[in-house]
Every structure is written in structure tokens, then in C-alpha cells.
file start.cif (mmCIF, C-alpha atoms; chains and numbers go by the auth columns)
data_protein
#
loop_
_atom_site.group_PDB
_atom_site.id
_atom_site.type_symbol
_atom_site.label_atom_id
_atom_site.label_comp_id
_atom_site.label_asym_id
_atom_site.label_seq_id
_atom_site.Cartn_x
_atom_site.Cartn_y
_atom_site.Cartn_z
_atom_site.B_iso_or_equiv
_atom_site.auth_seq_id
_atom_site.auth_asym_id
ATOM 1 C CA MET A 1 54.574 -49.234 -63.429 0.00 10 Q
ATOM 2 C CA PRO A 2 54.897 -47.440 -66.745 0.00 11 Q
ATOM 3 C CA GLN A 3 57.279 -49.101 -69.140 0.00 12 Q
ATOM 4 C CA PRO A 4 59.703 -46.886 -71.022 0.00 13 Q
ATOM 5 C CA PRO A 5 59.110 -46.526 -74.729 0.00 14 Q
ATOM 6 C CA THR A 6 61.627 -48.178 -77.026 0.00 15 Q
ATOM 7 C CA ARG A 7 63.313 -44.835 -77.608 0.00 16 Q
ATOM 8 C CA CYS A 8 63.064 -43.471 -74.094 0.00 17 Q
ATOM 9 C CA ARG A 9 64.787 -40.120 -73.789 0.00 18 Q
ATOM 10 C CA PRO A 10 66.115 -39.415 -70.324 0.00 19 Q
ATOM 11 C CA PRO A 11 66.146 -35.840 -69.079 0.00 20 Q
ATOM 12 C CA HIS A 12 69.301 -33.841 -69.769 0.00 21 Q
ATOM 13 C CA ALA A 13 71.600 -33.244 -66.806 0.00 22 Q
ATOM 14 C CA SER A 14 70.134 -29.800 -66.234 0.00 23 Q
ATOM 15 C CA GLN A 15 66.524 -31.041 -66.317 0.00 24 Q
ATOM 16 C CA PRO A 16 64.704 -32.364 -63.254 0.00 25 Q
ATOM 17 C CA ILE A 17 63.717 -36.007 -62.891 0.00 26 Q
ATOM 18 C CA ARG A 18 60.078 -35.762 -61.870 0.00 27 Q
ATOM 19 C CA SER A 19 58.525 -39.120 -62.647 0.00 28 Q
ATOM 20 C CA SER A 20 59.164 -42.842 -62.728 0.00 29 Q
ATOM 21 C CA LEU A 21 59.363 -42.631 -66.513 0.00 30 Q
ATOM 22 C CA ASP A 22 62.127 -40.003 -66.250 0.00 31 Q
ATOM 23 C CA ALA A 23 63.944 -42.194 -63.732 0.00 32 Q
ATOM 24 C CA ILE A 24 63.704 -45.307 -65.919 0.00 33 Q
ATOM 25 C CA GLY A 25 65.141 -43.198 -68.727 0.00 34 Q
ATOM 26 C CA VAL A 26 68.144 -42.448 -66.523 0.00 35 Q
ATOM 27 C CA VAL A 27 68.502 -46.126 -65.561 0.00 36 Q
ATOM 28 C CA SER A 28 68.422 -47.030 -69.251 0.00 37 Q
ATOM 29 C CA LEU A 29 71.579 -44.957 -69.753 0.00 38 Q
ATOM 30 C CA ALA A 30 73.579 -47.207 -67.441 0.00 39 Q
ATOM 31 C CA ILE A 31 71.986 -50.643 -67.744 0.00 40 Q
ATOM 32 C CA HIS A 32 74.133 -53.302 -69.381 0.00 41 Q
ATOM 33 C CA ARG A 33 72.766 -55.034 -72.440 0.00 42 Q
ATOM 34 C CA PRO A 34 72.312 -57.906 -72.481 0.00 43 Q
ATOM 35 C CA LEU A 35 71.025 -57.664 -68.939 0.00 44 Q
ATOM 36 C CA GLU A 36 73.385 -58.693 -66.152 0.00 45 Q
ATOM 37 C CA PHE A 37 73.154 -58.688 -62.377 0.00 46 Q
ATOM 38 C CA GLU A 38 73.741 -55.156 -61.168 0.00 47 Q
ATOM 39 C CA THR A 39 72.242 -52.457 -59.017 0.00 48 Q
ATOM 40 C CA ILE A 40 72.092 -48.912 -60.312 0.00 49 Q
ATOM 41 C CA GLY A 41 71.663 -45.883 -58.095 0.00 50 Q
ATOM 42 C CA PHE A 42 71.496 -42.141 -58.525 0.00 51 Q
ATOM 43 C CA PHE A 43 70.796 -39.242 -56.239 0.00 52 Q
ATOM 44 C CA LEU A 44 68.418 -36.365 -56.719 0.00 53 Q
ATOM 45 C CA ASP A 45 69.325 -32.930 -55.457 0.00 54 Q
ATOM 46 C CA ASP A 46 66.910 -30.436 -53.957 0.00 55 Q
ATOM 47 C CA HIS A 47 65.848 -29.468 -57.511 0.00 56 Q
ATOM 48 C CA SER A 48 65.207 -33.126 -58.526 0.00 57 Q
ATOM 49 C CA ARG A 49 68.287 -33.229 -60.754 0.00 58 Q
ATOM 50 C CA SER A 50 71.013 -35.830 -60.901 0.00 59 Q
ATOM 51 C CA ASN A 51 74.486 -35.807 -62.381 0.00 60 Q
ATOM 52 C CA THR A 52 76.027 -39.103 -61.278 0.00 61 Q
ATOM 53 C CA ILE A 53 74.963 -42.708 -61.835 0.00 62 Q
ATOM 54 C CA THR A 54 76.539 -45.464 -59.749 0.00 63 Q
ATOM 55 C CA VAL A 55 76.584 -49.027 -61.071 0.00 64 Q
ATOM 56 C CA VAL A 56 77.403 -51.895 -58.729 0.00 65 Q
ATOM 57 C CA THR A 57 77.985 -55.086 -60.707 0.00 66 Q
ATOM 58 C CA GLY A 58 77.566 -58.640 -59.489 0.00 67 Q
ATOM 59 C CA THR A 59 74.644 -57.992 -57.156 0.00 68 Q
ATOM 60 C CA THR A 60 73.328 -61.546 -57.449 0.00 69 Q
ATOM 61 C CA GLU A 61 71.962 -61.861 -53.929 0.00 70 Q
ATOM 62 C CA PRO A 62 68.458 -60.444 -53.385 0.00 71 Q
ATOM 63 C CA ASP A 63 69.639 -58.529 -50.291 0.00 72 Q
ATOM 64 C CA SER A 64 72.429 -56.804 -52.255 0.00 73 Q
ATOM 65 C CA VAL A 65 70.140 -53.808 -52.698 0.00 74 Q
ATOM 66 C CA LEU A 66 70.340 -53.205 -48.942 0.00 75 Q
ATOM 67 C CA ALA A 67 74.139 -52.953 -48.970 0.00 76 Q
ATOM 68 C CA VAL A 68 74.016 -50.621 -51.978 0.00 77 Q
ATOM 69 C CA ALA A 69 71.365 -48.470 -50.281 0.00 78 Q
ATOM 70 C CA GLU A 70 73.514 -48.274 -47.145 0.00 79 Q
ATOM 71 C CA CYS A 71 76.699 -47.403 -49.001 0.00 80 Q
ATOM 72 C CA LEU A 72 75.132 -44.752 -51.236 0.00 81 Q
ATOM 73 C CA SER A 73 73.058 -43.090 -48.525 0.00 82 Q
ATOM 74 C CA LEU A 74 76.075 -42.979 -46.215 0.00 83 Q
ATOM 75 C CA ALA A 75 78.077 -41.300 -48.982 0.00 84 Q
ATOM 76 C CA ALA A 76 75.393 -38.626 -49.401 0.00 85 Q
ATOM 77 C CA ALA A 77 74.544 -38.108 -45.752 0.00 86 Q
ATOM 78 C CA ASP A 78 76.705 -34.994 -45.333 0.00 87 Q
ATOM 79 C CA SER A 79 75.651 -33.332 -48.573 0.00 88 Q
ATOM 80 C CA PRO A 80 73.414 -30.313 -48.038 0.00 89 Q
ATOM 81 C CA THR A 81 71.784 -30.675 -51.484 0.00 90 Q
ATOM 82 C CA LEU A 82 71.326 -34.425 -52.019 0.00 91 Q
ATOM 83 C CA CYS A 83 67.932 -35.447 -50.716 0.00 92 Q
ATOM 84 C CA GLY A 84 66.625 -38.375 -52.789 0.00 93 Q
ATOM 85 C CA LEU A 85 67.893 -41.757 -53.984 0.00 94 Q
ATOM 86 C CA VAL A 86 66.607 -43.920 -56.829 0.00 95 Q
ATOM 87 C CA LEU A 87 67.712 -47.559 -57.054 0.00 96 Q
ATOM 88 C CA ALA A 88 67.258 -50.188 -59.756 0.00 97 Q
ATOM 89 C CA THR A 89 68.111 -53.857 -59.307 0.00 98 Q
ATOM 90 C CA ILE A 90 68.649 -55.784 -62.524 0.00 99 Q
ATOM 91 C CA ARG A 91 67.745 -59.479 -62.407 0.00 100 Q
ATOM 92 C CA PRO A 92 68.441 -60.996 -65.816 0.00 101 Q
ATOM 93 C CA ASP A 93 67.591 -64.599 -65.000 0.00 102 Q
ATOM 94 C CA SER A 94 64.211 -64.209 -63.363 0.00 103 Q
ATOM 95 C CA ASP A 95 62.286 -67.473 -63.667 0.00 104 Q
ATOM 96 C CA ASN A 96 58.979 -65.666 -64.002 0.00 105 Q
ATOM 97 C CA ASP A 97 58.236 -64.204 -67.422 0.00 106 Q
ATOM 98 C CA LEU A 98 55.756 -61.792 -65.824 0.00 107 Q
ATOM 99 C CA SER A 99 57.945 -60.213 -63.143 0.00 108 Q
ATOM 100 C CA ALA A 100 61.488 -60.163 -61.769 0.00 109 Q
ATOM 101 C CA MET A 101 60.152 -59.678 -58.244 0.00 110 Q
ATOM 102 C CA LEU A 102 61.216 -62.193 -55.611 0.00 111 Q
ATOM 103 C CA PRO A 103 59.635 -63.226 -52.336 0.00 112 Q
ATOM 104 C CA GLY A 104 60.800 -60.752 -49.726 0.00 113 Q
ATOM 105 C CA ASP A 105 61.079 -57.763 -52.063 0.00 114 Q
ATOM 106 C CA ILE A 106 58.381 -55.882 -50.159 0.00 115 Q
ATOM 107 C CA ASP A 107 60.384 -56.392 -46.960 0.00 116 Q
ATOM 108 C CA ARG A 108 63.542 -55.285 -48.803 0.00 117 Q
ATOM 109 C CA TRP A 109 61.756 -52.099 -49.894 0.00 118 Q
ATOM 110 C CA VAL A 110 60.764 -51.355 -46.284 0.00 119 Q
ATOM 111 C CA GLU A 111 64.280 -52.068 -44.994 0.00 120 Q
ATOM 112 C CA ALA A 112 66.034 -50.102 -47.754 0.00 121 Q
ATOM 113 C CA ASN A 113 63.702 -47.191 -47.066 0.00 122 Q
ATOM 114 C CA SER A 114 64.605 -47.296 -43.347 0.00 123 Q
ATOM 115 C CA ILE A 115 68.328 -47.500 -44.092 0.00 124 Q
ATOM 116 C CA VAL A 116 68.260 -44.547 -46.468 0.00 125 Q
ATOM 117 C CA GLU A 117 65.995 -42.502 -44.185 0.00 126 Q
ATOM 118 C CA ALA A 118 68.387 -43.042 -41.262 0.00 127 Q
ATOM 119 C CA HIS A 119 70.985 -41.089 -43.265 0.00 128 Q
ATOM 120 C CA GLY A 120 68.628 -38.195 -43.973 0.00 129 Q
ATOM 121 C CA ILE A 121 67.882 -39.189 -47.581 0.00 130 Q
ATOM 122 C CA GLU A 122 64.525 -40.218 -49.062 0.00 131 Q
ATOM 123 C CA LEU A 123 64.313 -43.442 -51.065 0.00 132 Q
ATOM 124 C CA ILE A 124 62.242 -42.181 -53.976 0.00 133 Q
ATOM 125 C CA GLU A 125 61.944 -45.511 -55.797 0.00 134 Q
ATOM 126 C CA TRP A 126 63.393 -48.982 -56.149 0.00 135 Q
ATOM 127 C CA PHE A 127 62.874 -50.533 -59.556 0.00 136 Q
ATOM 128 C CA VAL A 128 63.282 -54.271 -60.151 0.00 137 Q
ATOM 129 C CA VAL A 129 64.153 -54.871 -63.783 0.00 138 Q
ATOM 130 C CA GLY A 130 63.974 -58.230 -65.537 0.00 139 Q
ATOM 131 C CA ARG A 131 63.316 -59.702 -68.933 0.00 140 Q
ATOM 132 C CA ALA A 132 59.587 -59.004 -68.578 0.00 141 Q
ATOM 133 C CA GLY A 133 60.002 -55.323 -67.696 0.00 142 Q
ATOM 134 C CA VAL A 134 60.039 -53.120 -64.615 0.00 143 Q
ATOM 135 C CA ASP A 135 58.306 -53.569 -61.254 0.00 144 Q
ATOM 136 C CA CYS A 136 58.264 -51.554 -58.024 0.00 145 Q
ATOM 137 C CA PRO A 137 57.932 -53.331 -54.677 0.00 146 Q
ATOM 138 C CA ARG A 138 56.505 -50.081 -53.273 0.00 147 Q
ATOM 139 C CA GLU A 139 53.413 -50.547 -55.449 0.00 148 Q
ATOM 140 C CA LEU A 140 52.720 -54.009 -54.012 0.00 149 Q
ATOM 141 C CA LEU A 141 52.842 -52.524 -50.536 0.00 150 Q
ATOM 142 C CA GLY A 142 50.360 -49.852 -51.575 0.00 151 Q
ATOM 143 C CA ASP A 143 52.697 -46.944 -50.843 0.00 152 Q
ATOM 144 C CA PRO A 144 52.081 -43.860 -53.002 0.00 153 Q
ATOM 145 C CA GLU A 145 54.642 -42.579 -55.494 0.00 154 Q
ATOM 146 C CA ARG A 146 57.177 -40.158 -54.084 0.00 155 Q
ATOM 147 C CA TRP A 147 57.700 -37.991 -57.127 0.00 156 Q
#
call {"tool": "encode", "arguments": {"input": "start.cif", "output": "C-alpha cells"}}
result
Amino acid sequence: MPQPPTRCRPPHASQPIRSSLDAIGVVSLAIHRPLEFETIGFFLDDHSRSNTITVVTGTTEPDSVLAVAECLSLAAADSPTLCGLVLATIRPDSDNDLSAMLPGDIDRWVEANSIVEAHGIELIEWFVVGRAGVDCPRELLGDPERW
């Protein structure tokens, strides 16, 4: 997973988000510093643009991402233009200095993908952010990028 440069510049609201680096730039706009437990989500429209970031604080449980995925995808289900969802789970106290991933994150990716898909939205990516950087459970499963 590419790590954002120190001065990552997210796309402007009128520009499309076409890569994981663009998406991390958007996440960096909303992430609390110092890091705290939260899950960040934003939708992409049919032109790969986004104009709203949702931050759910206190998502300390590993399965919290599933509830956030359900809530957000349900909210977008009736929109004719929203077609993609990007999620980022922030885990500030990861014990591993190499990754914030937890056992079961691959299964969480599969389940979140199913939840979102059931509402007619595509889960583009789920980032797991910790002190060591950014990981994507999708990569460990061997699924290709969806950009």
C-alpha cells in the first residue's frame, strides 16, 4: 500500500479520486491527530468524486467497521449517483509496530464488502491506519484494486 507523502495533497472537491493515494489524501483531511479510535468513510459518485466525509468516533471494537459500512451504505442505497464507498479504520494503539491489522481483518473485509454490495454500492477500499502506516486487508486476500 503506498504511503502518503508528508505533504499529501488530496484532490479538490471537483476532482476525481482515482487511486489509493488520492483516497488516503482525503482520509488525511479528517483523521484526528494524535491518532484516536475512529472510522472514516466517504462515498464516490459516478464520476469518482466525493464531497462529504463521515467520521465515527470511538470505534474501538474490530467489528465496528461492519456497523459503519452498514449504516453508510444504507444511507446511500437510494442515491442514483453514489456508487462507491471508501472506509478507513484508525487503530492508534496497535501492538505491532509493523501493522495495525488484526486477526480477522480479512474476514471483516469480505463481510463489509458483502454488506455494502447488498445495498447496491461497491466497497472500493478499506484502509487500516496505525502508528506504522496504512494497510489494506484486501491486499492480503489477493483481491485486485478497485480504482
call {"tool": "closest_atom_pairs", "arguments": {"input": "start.cif", "of": "stretch 50-84 of chain Q", "to": "stretch 124-134 of chain Q", "cutoff": "9 Å", "atoms": "only C-alpha atoms", "output": "CSV"}}
result
residue,atom,partner,partner_atom,distance
Q:Leu53,CA,Q:Ile133,CA,8.9
Q:Leu75,CA,Q:Ile124,CA,7.8
Q:Ala78,CA,Q:Val125,CA,6.3
Q:Glu79,CA,Q:Ile124,CA,6.1
Q:Leu81,CA,Q:Val125,CA,8.4
Q:Ser82,CA,Q:Val125,CA,5.4
Q:Leu83,CA,Q:His128,CA,6.2
call {"tool": "atom_distance", "arguments": {"input": "start.cif", "atom1": "atom CA of Q:Ala39", "atom2": "atom CA of Q:Thr63"}}
result
8.4 Å
call {"tool": "atom_distance", "arguments": {"input": "start.cif", "atom1": "atom CA of Q:Leu96", "atom2": "atom CA of Q:Phe51"}}
result
6.8 Å
call {"tool": "atom_distance", "arguments": {"input": "start.cif", "atom1": "atom CA of Q:Thr66", "atom2": "atom CA of Q:Phe136"}}
result
15.8 Å
call {"tool": "axis_aligned_box", "arguments": {"input": "start.cif", "around": "stretch 74-77 of chain Q", "padding_each_side": "3 Å", "output": "lines of an AutoDock Vina configuration file"}}
result
center_x = 72.1
center_y = -52.2
center_z = -50.8
size_x = 10.0
size_y = 9.2
size_z = 9.8
call {"tool": "closest_residue", "arguments": {"input": "start.cif", "among": "Q:Val74, Q:Leu149, Q:Ile99, Q:Leu91", "to": "Q:Ala121", "atoms": "only C-alpha atoms"}}
result
Q:Val74
call {"tool": "resolve_selection", "arguments": {"input": "start.cif", "expression": "the PyMOL selection byres ((chain Q and resi 117) around 10)", "output": "list of chain:residue names"}}
result
Q:Pro71, Q:Asp72, Q:Ser73, Q:Val74, Q:Leu75, Q:Leu111, Q:Pro112, Q:Gly113, Q:Asp114, Q:Ile115, Q:Asp116, Q:Trp118, Q:Val119, Q:Glu120, Q:Ala121, Q:Asn122, Q:Ser123, Q:Trp135, Q:Pro146, Q:Arg147
call {"tool": "residues_near_point", "arguments": {"input": "start.cif", "point": "(70.2, -36.8, -54.0)", "cutoff": "6 Å", "atoms": "all atoms listed in the file", "output": "ChimeraX atom specification"}}
result
/Q:52-54,91-94
call {"tool": "closest_residue", "arguments": {"input": "start.cif", "among": "Q:Ala109, Q:Leu150, Q:Val95, Q:Val138", "to": "Q:His41", "atoms": "only C-alpha atoms"}}
result
Q:Val138
call {"tool": "closest_residue", "arguments": {"input": "start.cif", "among": "Q:Val36, Q:Asn60, Q:Pro25, Q:Thr48", "to": "Q:Ala76", "atoms": "all atoms listed in the file"}}
result
Q:Thr48
call {"tool": "residues_around", "arguments": {"input": "start.cif", "residues": "Q:Glu45", "least_positions_apart": "5", "cutoff": "9 Å", "atoms": "all atoms listed in the file", "output": "ChimeraX atom specification"}}
result
/Q:40,66-67,99-102
call {"tool": "write_last_selection", "arguments": {"input": "start.cif", "atoms": "C-alpha atoms", "output": "compact mmCIF listing (two decimals), keeping the file's coordinate frame"}}
result
# COMPACT_ATOMS: atom_id res chain seq x y z
CA ILE Q 40 71.99 -50.64 -67.74
CA THR Q 66 77.98 -55.09 -60.71
CA GLY Q 67 77.57 -58.64 -59.49
CA ILE Q 99 68.65 -55.78 -62.52
CA ARG Q 100 67.74 -59.48 -62.41
CA PRO Q 101 68.44 -61.00 -65.82
CA ASP Q 102 67.59 -64.60 -65.00
call {"tool": "closest_residue", "arguments": {"input": "start.cif", "among": "Q:Asp55, Q:Val143, Q:Glu148, Q:Ala86", "to": "Q:Ser37", "atoms": "only C-alpha atoms"}}
result
Q:Val143
call {"tool": "residues_around", "arguments": {"input": "start.cif", "residues": "Q:Val64", "least_positions_apart": "6", "cutoff": "7 Å", "atoms": "all atoms listed in the file", "output": "list in words"}}
result
Glu47, Thr48, Ile49 and Gly50 of chain Q
call {"tool": "closest_residue", "arguments": {"input": "start.cif", "among": "Q:Gly142, Q:Val77, Q:Ile33, Q:Thr90", "to": "Q:Leu107", "atoms": "only C-alpha atoms"}}
result
Q:Gly142
call {"tool": "closest_residue", "arguments": {"input": "start.cif", "among": "Q:Ala84, Q:Val65, Q:Ile26, Q:Met110", "to": "Q:Cys145", "atoms": "all atoms listed in the file"}}
result
Q:Met110
call {"tool": "build_atoms", "arguments": {"input": "start.cif", "residues": "stretch 95-120 of chain Q", "atoms": "N, CA, C and O atoms", "output": "PDB file, keeping the file's coordinate frame"}}
result
ATOM      1  N   VAL Q  95      67.349 -42.990 -55.981  1.00  0.00           N
ATOM      2  CA  VAL Q  95      66.607 -43.920 -56.829  1.00  0.00           C
ATOM      3  C   VAL Q  95      67.517 -45.127 -57.053  1.00  0.00           C
ATOM      4  O   VAL Q  95      68.694 -44.965 -57.390  1.00  0.00           O
ATOM      5  N   LEU Q  96      66.967 -46.315 -56.854  1.00  0.00           N
ATOM      6  CA  LEU Q  96      67.712 -47.559 -57.054  1.00  0.00           C
ATOM      7  C   LEU Q  96      67.021 -48.413 -58.105  1.00  0.00           C
ATOM      8  O   LEU Q  96      65.791 -48.355 -58.250  1.00  0.00           O
ATOM      9  N   ALA Q  97      67.800 -49.206 -58.803  1.00  0.00           N
ATOM     10  CA  ALA Q  97      67.258 -50.188 -59.756  1.00  0.00           C
ATOM     11  C   ALA Q  97      68.093 -51.451 -59.657  1.00  0.00           C
ATOM     12  O   ALA Q  97      69.314 -51.403 -59.832  1.00  0.00           O
ATOM     13  N   THR Q  98      67.450 -52.560 -59.359  1.00  0.00           N
ATOM     14  CA  THR Q  98      68.111 -53.857 -59.307  1.00  0.00           C
ATOM     15  C   THR Q  98      67.790 -54.594 -60.596  1.00  0.00           C
ATOM     16  O   THR Q  98      66.624 -54.740 -60.962  1.00  0.00           O
ATOM     17  N   ILE Q  99      68.824 -55.066 -61.261  1.00  0.00           N
ATOM     18  CA  ILE Q  99      68.649 -55.784 -62.524  1.00  0.00           C
ATOM     19  C   ILE Q  99      68.803 -57.273 -62.235  1.00  0.00           C
ATOM     20  O   ILE Q  99      69.808 -57.717 -61.683  1.00  0.00           O
ATOM     21  N   ARG Q 100      67.764 -58.029 -62.602  1.00  0.00           N
ATOM     22  CA  ARG Q 100      67.745 -59.479 -62.407  1.00  0.00           C
ATOM     23  C   ARG Q 100      67.507 -60.150 -63.762  1.00  0.00           C
ATOM     24  O   ARG Q 100      66.368 -60.379 -64.164  1.00  0.00           O
ATOM     25  N   PRO Q 101      68.576 -60.494 -64.450  1.00  0.00           N
ATOM     26  CA  PRO Q 101      68.441 -60.996 -65.816  1.00  0.00           C
ATOM     27  C   PRO Q 101      67.895 -62.411 -65.939  1.00  0.00           C
ATOM     28  O   PRO Q 101      67.392 -62.786 -66.992  1.00  0.00           O
ATOM     29  N   ASP Q 102      67.978 -63.195 -64.882  1.00  0.00           N
ATOM     30  CA  ASP Q 102      67.591 -64.599 -65.000  1.00  0.00           C
ATOM     31  C   ASP Q 102      66.312 -64.930 -64.240  1.00  0.00           C
ATOM     32  O   ASP Q 102      66.123 -66.050 -63.803  1.00  0.00           O
ATOM     33  N   SER Q 103      65.450 -63.945 -64.095  1.00  0.00           N
ATOM     34  CA  SER Q 103      64.211 -64.209 -63.363  1.00  0.00           C
ATOM     35  C   SER Q 103      63.461 -65.369 -64.008  1.00  0.00           C
ATOM     36  O   SER Q 103      63.343 -65.453 -65.225  1.00  0.00           O
ATOM     37  N   ASP Q 104      62.987 -66.289 -63.170  1.00  0.00           N
ATOM     38  CA  ASP Q 104      62.286 -67.473 -63.667  1.00  0.00           C
ATOM     39  C   ASP Q 104      60.880 -67.142 -64.152  1.00  0.00           C
ATOM     40  O   ASP Q 104      60.297 -67.877 -64.932  1.00  0.00           O
ATOM     41  N   ASN Q 105      60.345 -66.051 -63.681  1.00  0.00           N
ATOM     42  CA  ASN Q 105      58.979 -65.666 -64.002  1.00  0.00           C
ATOM     43  C   ASN Q 105      58.993 -64.712 -65.197  1.00  0.00           C
ATOM     44  O   ASN Q 105      59.643 -63.677 -65.158  1.00  0.00           O
ATOM     45  N   ASP Q 106      58.286 -65.068 -66.249  1.00  0.00           N
ATOM     46  CA  ASP Q 106      58.236 -64.204 -67.422  1.00  0.00           C
ATOM     47  C   ASP Q 106      57.347 -62.986 -67.212  1.00  0.00           C
ATOM     48  O   ASP Q 106      57.303 -62.101 -68.053  1.00  0.00           O
ATOM     49  N   LEU Q 107      56.640 -62.925 -66.091  1.00  0.00           N
ATOM     50  CA  LEU Q 107      55.756 -61.792 -65.824  1.00  0.00           C
ATOM     51  C   LEU Q 107      56.402 -60.744 -64.929  1.00  0.00           C
ATOM     52  O   LEU Q 107      56.027 -59.573 -64.965  1.00  0.00           O
ATOM     53  N   SER Q 108      57.361 -61.144 -64.099  1.00  0.00           N
ATOM     54  CA  SER Q 108      57.945 -60.213 -63.143  1.00  0.00           C
ATOM     55  C   SER Q 108      59.296 -60.730 -62.663  1.00  0.00           C
ATOM     56  O   SER Q 108      59.501 -61.935 -62.548  1.00  0.00           O
ATOM     57  N   ALA Q 109      60.194 -59.806 -62.350  1.00  0.00           N
ATOM     58  CA  ALA Q 109      61.488 -60.163 -61.769  1.00  0.00           C
ATOM     59  C   ALA Q 109      61.456 -60.088 -60.245  1.00  0.00           C
ATOM     60  O   ALA Q 109      62.466 -60.301 -59.587  1.00  0.00           O
ATOM     61  N   MET Q 110      60.295 -59.784 -59.700  1.00  0.00           N
ATOM     62  CA  MET Q 110      60.152 -59.678 -58.244  1.00  0.00           C
ATOM     63  C   MET Q 110      60.401 -61.043 -57.592  1.00  0.00           C
ATOM     64  O   MET Q 110      60.067 -62.077 -58.165  1.00  0.00           O
ATOM     65  N   LEU Q 111      60.958 -60.993 -56.397  1.00  0.00           N
ATOM     66  CA  LEU Q 111      61.216 -62.193 -55.611  1.00  0.00           C
ATOM     67  C   LEU Q 111      60.466 -62.114 -54.289  1.00  0.00           C
ATOM     68  O   LEU Q 111      60.155 -61.011 -53.808  1.00  0.00           O
ATOM     69  N   PRO Q 112      60.205 -63.270 -53.687  1.00  0.00           N
ATOM     70  CA  PRO Q 112      59.635 -63.226 -52.336  1.00  0.00           C
ATOM     71  C   PRO Q 112      60.564 -62.410 -51.435  1.00  0.00           C
ATOM     72  O   PRO Q 112      61.788 -62.519 -51.523  1.00  0.00           O
ATOM     73  N   GLY Q 113      60.004 -61.573 -50.625  1.00  0.00           N
ATOM     74  CA  GLY Q 113      60.800 -60.752 -49.726  1.00  0.00           C
ATOM     75  C   GLY Q 113      61.111 -59.364 -50.257  1.00  0.00           C
ATOM     76  O   GLY Q 113      61.666 -58.539 -49.538  1.00  0.00           O
ATOM     77  N   ASP Q 114      60.766 -59.082 -51.511  1.00  0.00           N
ATOM     78  CA  ASP Q 114      61.079 -57.763 -52.063  1.00  0.00           C
ATOM     79  C   ASP Q 114      60.309 -56.637 -51.363  1.00  0.00           C
ATOM     80  O   ASP Q 114      60.835 -55.535 -51.224  1.00  0.00           O
ATOM     81  N   ILE Q 115      59.106 -56.921 -50.906  1.00  0.00           N
ATOM     82  CA  ILE Q 115      58.381 -55.882 -50.159  1.00  0.00           C
ATOM     83  C   ILE Q 115      59.134 -55.567 -48.868  1.00  0.00           C
ATOM     84  O   ILE Q 115      59.309 -54.392 -48.510  1.00  0.00           O
ATOM     85  N   ASP Q 116      59.606 -56.608 -48.181  1.00  0.00           N
ATOM     86  CA  ASP Q 116      60.384 -56.392 -46.960  1.00  0.00           C
ATOM     87  C   ASP Q 116      61.696 -55.663 -47.268  1.00  0.00           C
ATOM     88  O   ASP Q 116      62.139 -54.823 -46.482  1.00  0.00           O
ATOM     89  N   ARG Q 117      62.311 -55.979 -48.404  1.00  0.00           N
ATOM     90  CA  ARG Q 117      63.542 -55.285 -48.803  1.00  0.00           C
ATOM     91  C   ARG Q 117      63.268 -53.810 -49.056  1.00  0.00           C
ATOM     92  O   ARG Q 117      64.088 -52.952 -48.721  1.00  0.00           O
ATOM     93  N   TRP Q 118      62.119 -53.497 -49.676  1.00  0.00           N
ATOM     94  CA  TRP Q 118      61.756 -52.099 -49.894  1.00  0.00           C
ATOM     95  C   TRP Q 118      61.652 -51.365 -48.544  1.00  0.00           C
ATOM     96  O   TRP Q 118      62.208 -50.291 -48.373  1.00  0.00           O
ATOM     97  N   VAL Q 119      60.955 -51.973 -47.597  1.00  0.00           N
ATOM     98  CA  VAL Q 119      60.764 -51.355 -46.284  1.00  0.00           C
ATOM     99  C   VAL Q 119      62.115 -51.158 -45.596  1.00  0.00           C
ATOM    100  O   VAL Q 119      62.399 -50.088 -45.036  1.00  0.00           O
ATOM    101  N   GLU Q 120      62.971 -52.166 -45.653  1.00  0.00           N
ATOM    102  CA  GLU Q 120      64.280 -52.068 -44.994  1.00  0.00           C
ATOM    103  C   GLU Q 120      65.183 -51.056 -45.694  1.00  0.00           C
ATOM    104  O   GLU Q 120      65.853 -50.255 -45.030  1.00  0.00           O
TER     105      GLU Q 120
END
